There are 2 protein chains.
Amino acid sequence: MTARVTMRDVAQAVGVSPMTVSRALRDDKTVSEKTRSRVRAVAAELGYVYDTTAQAFRTQKSGFVAVTLPSVNNANFADTFRGLSEAIAGSGMQILLGATNYRLEKEEELVRQLLTRNPEALVLTGGNHTDATRSLIKARGLPVIEMWDLPPDPLGHVVGFSNADAMATLVTHLAASGRRRLAFVGASEGADLRGAERRASVVATAQKLGLDDVAVIDAGPAPVSMRHGAAAVERLGARLSVFDALVCVSDTVAFGALSECRRMGIDVPGQLAITGFGHFDVAAVSDPRITTVDVNARLIGTEVARVLETVFSGASAPLEIEVAARLVPGETS
Amino acid sequence: MTARVTMRDVAQAVGVSPMTVSRALRDDKTVSEKTRSRVRAVAAELGYVYDTTAQAFRTQKSGFVAVTLPSVNNANFADTFRGLSEAIAGSGMQILLGATNYRLEKEEELVRQLLTRNPEALVLTGGNHTDATRSLIKARGLPVIEMWDLPPDPLGHVVGFSNADAMATLVTHLAASGRRRLAFVGASEGADLRGAERRASVVATAQKLGLDDVAVIDAGPAPVSMRHGAAAVERLGARLSVFDALVCVSDTVAFGALSECRRMGIDVPGQLAITGFGHFDVAAVSDPRITTVDVNARLIGTEVARVLETVFSGASAPLEIEVAARLVPGETS
DNA sequence: ACTCGGCTTGTTAACGGTAACATGTTATCC
DNA sequence: GGATAACATGTTACCGTTAACAAGCCGAGT
């Protein structure tokens, strides 16, 4: 294995100083066109590969944006990630991704790890963090964006929507079409915080509208999947007839519930309404189509990218961008 | 903004040399227990954050494993990613992720970019790469793993399965249950290479078994989604009756097709069989359950992690690990 | 008491770039 | 023609950490 080719080698081959090579490769306007092209050619010929690590070290700018997501295995978060990656690509920033598995302690560990890489900004999902996470971040003083939520006490910038408001709209829609006996199907207490917010909102809105008390059905630990939704309905069995609407924490759960209802011969929406959350493909394609809430996951990503651009170009005041979440009526309600 | 806290500061506060701090923080056994704990305490007190960039630079080991996936927005690849991340977490390696959007040129650009970060290993999806990508990688001489395929001429290690064999099994299964007029629903030519392999295998196997010539139905550019599957069936309309089986490139497409069939009142599997690929949740939960092929996406990830461990502990010969893909009969065939 | 070896700590230089400043070189103007 | 500006390139030092080697200290063995 031959030693790696550095700028020094390229410089020597061209007959200039390493500094000139550095400038030529970075499109610094002070190098002559002639020199630049010679440097480029020689660099390619020698198989020179730029060392971003060295650059990051010297300039103290890593070129990284650290991002934490609860899970990549979720079409919504994956959409956000994609929107963010694609929109940020042009700026030369690279994403350093970590998954928290819906756990704040894992998030803390992750943030700790990510910070050692000197990211130039930090993007977190949600507005809930351990105290240690919060102080770590504050001490570091780097730009932070919280997304997917509208935290009451944000760490910095925010790009999100109100899970509570979105759910309230959904419950109001159900009430308007005559549903009164709601059950909320979601993850067990604790883990999924946005899910918990949705649950609380369903309970509160139902109360406000004078509906029956909402039954809370535990579909298992977060992240709850299609299988969990199906299993929850299966476990309910005949007791299902007590309800006239299942409000599910996400479209995946709703789809699982819907499929199981079909197997059990329950008429949706005749006997039972089912709603989801997230506007996943499965909700739009399934038969019947599932009533859901479009949270514009991809847009959240691109908006985060826009905030980052603003921040990197030297912005000051924390931005708070609210992304519209809108009801998407389907055939299950 | 106060200047960042470095090892020098910690050293000064403790009254030792930076070297001792370095050793203490890295669990070098040559520091005394007393010194180590003092260093730890002071570091925490001062809010010292280890600088991995500097370490990576000095040691010429980045601690990164570069990974390219066609898309994160695909439950299979997301599973692989998750399996890999979780299995690799203990080794202290961090994943640097990039998405190719199913395009080899994008892969090349990505590899080029990732290499500037000095990854210690490179994990690529599939065995197809541009010539430039291949030579870039070979020149660098770092460990490579190709996954999700069994390339005839691998760059290094391999963890995958034969898309062709898996599809052949599926077609054989259809033939055995009397289906003879197959249509393959997949992405347009060119983009999705594993999809193309599957298509070729369906065509070849049908021929070998003496079935009718397979119709190839273009559902759109990769990645093909549920919506694409539904739209393709909708476009076919009455012409659908020509076939007795739709072999779809993935479960998402199959689910879209299935849903549209239901809307159109087509009896599945009575009039038409539908098969998918990938063993996504949606295939297992939908009613009817979709016949599919389980490719063990998560296992691919964990196996890749195992290969990496082997490589980092100084292995030599290229490993080729074949992951079993198995038929999962459902209710749609 | 003296030597030797093991344990713990310190010193030096370097990893590959680039900011800041210095210097050389060529046009431009009166 | 000489001064001045505009452009092109070079020099120096440093970013934070650690490998390699040097050195101090202490107890055991003779």
# chains A, B, ... in the order shown; residues from 1 in each chain; ligands from 1

$ residues_around --residues "stretch 245-252 of chain A" --least-positions-apart "2" --cutoff "8 Å" --atoms "only C-alpha atoms (C1' of nucleotides)" --output "ChimeraX atom specification"
/A:174,179-187,195,198-199,224-226,229,243,254-256,272-280,282-283,290,292

$ residues_around --residues "stretch 22-26 of chain C" --least-positions-apart "6" --cutoff "10 Å" --atoms "only C-alpha atoms (C1' of nucleotides)" --output "ChimeraX atom specification"
/D:6-12

$ write_last_selection --atoms "N, CA, C and O atoms (P, O5', C5', C4', C3', O3' and C1' of nucleotides)" --output "PDB file, in the first residue's frame"
ATOM      1  P    DA D   6      -6.881  48.581  -7.362  1.00  0.00           P
ATOM      2  O5'  DA D   6      -6.517  47.244  -8.159  1.00  0.00           O
ATOM      3  C5'  DA D   6      -6.362  47.296  -9.579  1.00  0.00           C
ATOM      4  C4'  DA D   6      -5.894  45.935 -10.047  1.00  0.00           C
ATOM      5  C3'  DA D   6      -6.601  44.770  -9.345  1.00  0.00           C
ATOM      6  O3'  DA D   6      -6.972  43.826 -10.344  1.00  0.00           O
ATOM      7  C1'  DA D   6      -4.253  44.535  -9.115  1.00  0.00           C
ATOM      8  P    DC D   7      -7.852  42.522  -9.963  1.00  0.00           P
ATOM      9  O5'  DC D   7      -6.789  41.348 -10.125  1.00  0.00           O
ATOM     10  C5'  DC D   7      -5.985  41.315 -11.323  1.00  0.00           C
ATOM     11  C4'  DC D   7      -4.758  40.494 -11.034  1.00  0.00           C
ATOM     12  C3'  DC D   7      -5.030  39.071 -10.522  1.00  0.00           C
ATOM     13  O3'  DC D   7      -4.590  38.167 -11.536  1.00  0.00           O
ATOM     14  C1'  DC D   7      -3.194  40.090  -9.403  1.00  0.00           C
ATOM     15  P    DA D   8      -4.965  36.597 -11.398  1.00  0.00           P
ATOM     16  O5'  DA D   8      -3.627  36.038 -10.766  1.00  0.00           O
ATOM     17  C5'  DA D   8      -2.435  36.089 -11.527  1.00  0.00           C
ATOM     18  C4'  DA D   8      -1.298  35.571 -10.683  1.00  0.00           C
ATOM     19  C3'  DA D   8      -1.538  34.178 -10.081  1.00  0.00           C
ATOM     20  O3'  DA D   8      -0.559  33.315 -10.654  1.00  0.00           O
ATOM     21  C1'  DA D   8      -0.693  35.703  -8.444  1.00  0.00           C
ATOM     22  P    DT D   9      -0.504  31.765 -10.158  1.00  0.00           P
ATOM     23  O5'  DT D   9       0.377  31.867  -8.847  1.00  0.00           O
ATOM     24  C5'  DT D   9       1.785  31.919  -8.968  1.00  0.00           C
ATOM     25  C4'  DT D   9       2.409  32.139  -7.617  1.00  0.00           C
ATOM     26  C3'  DT D   9       2.445  30.906  -6.698  1.00  0.00           C
ATOM     27  O3'  DT D   9       3.769  30.430  -6.689  1.00  0.00           O
ATOM     28  C1'  DT D   9       2.003  32.945  -5.520  1.00  0.00           C
ATOM     29  P    DG D  10       4.193  29.183  -5.766  1.00  0.00           P
ATOM     30  O5'  DG D  10       4.727  29.930  -4.468  1.00  0.00           O
ATOM     31  C5'  DG D  10       5.799  30.855  -4.592  1.00  0.00           C
ATOM     32  C4'  DG D  10       6.198  31.378  -3.224  1.00  0.00           C
ATOM     33  C3'  DG D  10       6.474  30.294  -2.179  1.00  0.00           C
ATOM     34  O3'  DG D  10       7.664  30.640  -1.479  1.00  0.00           O
ATOM     35  C1'  DG D  10       4.836  31.800  -1.365  1.00  0.00           C
ATOM     36  P    DT D  11       8.325  29.576  -0.449  1.00  0.00           P
ATOM     37  O5'  DT D  11       8.078  30.220   0.986  1.00  0.00           O
ATOM     38  C5'  DT D  11       7.979  31.609   1.130  1.00  0.00           C
ATOM     39  C4'  DT D  11       7.848  31.970   2.607  1.00  0.00           C
ATOM     40  C3'  DT D  11       8.238  30.890   3.616  1.00  0.00           C
ATOM     41  O3'  DT D  11       8.898  31.525   4.692  1.00  0.00           O
ATOM     42  C1'  DT D  11       5.938  31.457   3.902  1.00  0.00           C
ATOM     43  P    DT D  12       9.550  30.652   5.908  1.00  0.00           P
ATOM     44  O5'  DT D  12       8.406  30.748   7.006  1.00  0.00           O
ATOM     45  C5'  DT D  12       7.941  32.036   7.403  1.00  0.00           C
ATOM     46  C4'  DT D  12       6.791  31.873   8.382  1.00  0.00           C
ATOM     47  C3'  DT D  12       6.998  30.777   9.437  1.00  0.00           C
ATOM     48  O3'  DT D  12       6.808  31.362  10.712  1.00  0.00           O
ATOM     49  C1'  DT D  12       4.869  30.573   8.435  1.00  0.00           C
TER      50       DT D  12
END

$ interface_residues --of "chain D" --to "chain B" --cutoff "10 Å" --atoms "only C-alpha atoms (C1' of nucleotides)" --output "PyMOL selection string"
chain D and resi 15-19

$ select_by_dssp --residues "stretch 8-56 of chain B" --states "helix (DSSP H, G or I)" --output "count of residues only"
34

$ interface_residues --of "chain A" --to "chain B" --cutoff "9 Å" --atoms "only C-alpha atoms" --output "ChimeraX atom specification"
/A:1,4,47,49-54,56-58,60,62,71-79,81-82,85,94-99,112,115-118,136,139-141,225-227,230,252,255-256,258-260,262-263,281-282,284-288

$ decode --residues "chain C" --atoms "C-alpha atoms (C1' of nucleotides)" --output "PDB file, in the first residue's frame"
ATOM      1  C1'  DA C   1      23.382   0.618  49.216  1.00  0.00           C
ATOM      2  C1'  DC C   2      22.868  -0.294  44.450  1.00  0.00           C
ATOM      3  C1'  DT C   3      20.794  -2.138  40.339  1.00  0.00           C
ATOM      4  C1'  DC C   4      17.036  -3.498  37.754  1.00  0.00           C
ATOM      5  C1'  DG C   5      12.480  -3.660  36.115  1.00  0.00           C
ATOM      6  C1'  DG C   6       7.823  -2.171  36.228  1.00  0.00           C
ATOM      7  C1'  DC C   7       4.801   1.441  36.558  1.00  0.00           C
ATOM      8  C1'  DT C   8       3.477   6.158  35.660  1.00  0.00           C
ATOM      9  C1'  DT C   9       4.106  10.509  33.520  1.00  0.00           C
ATOM     10  C1'  DG C  10       6.287  13.888  30.324  1.00  0.00           C
ATOM     11  C1'  DT C  11       8.374  15.743  25.732  1.00  0.00           C
ATOM     12  C1'  DT C  12       8.516  16.191  20.986  1.00  0.00           C
ATOM     13  C1'  DA C  13       6.864  16.135  16.629  1.00  0.00           C
ATOM     14  C1'  DA C  14       3.603  15.169  13.359  1.00  0.00           C
ATOM     15  C1'  DC C  15      -1.106  14.094  10.956  1.00  0.00           C
ATOM     16  C1'  DG C  16      -2.924  17.496   5.995  1.00  0.00           C
ATOM     17  C1'  DG C  17      -4.795  21.260   5.308  1.00  0.00           C
ATOM     18  C1'  DT C  18      -5.403  26.738   5.314  1.00  0.00           C
ATOM     19  C1'  DA C  19      -5.664  31.854   7.512  1.00  0.00           C
ATOM     20  C1'  DA C  20      -2.988  35.601   7.627  1.00  0.00           C
ATOM     21  C1'  DC C  21       0.471  37.906   6.108  1.00  0.00           C
ATOM     22  C1'  DA C  22       4.502  38.779   2.966  1.00  0.00           C
ATOM     23  C1'  DT C  23       6.319  38.955  -1.440  1.00  0.00           C
ATOM     24  C1'  DG C  24       6.869  38.950  -6.345  1.00  0.00           C
ATOM     25  C1'  DT C  25       4.976  40.073 -10.966  1.00  0.00           C
ATOM     26  C1'  DT C  26       2.426  42.304 -14.369  1.00  0.00           C
ATOM     27  C1'  DA C  27      -0.731  45.852 -16.063  1.00  0.00           C
ATOM     28  C1'  DT C  28      -2.220  50.933 -15.715  1.00  0.00           C
ATOM     29  C1'  DC C  29      -1.880  55.553 -15.387  1.00  0.00           C
ATOM     30  C1'  DC C  30      -0.078  60.237 -15.439  1.00  0.00           C
TER      31       DC C  30
END
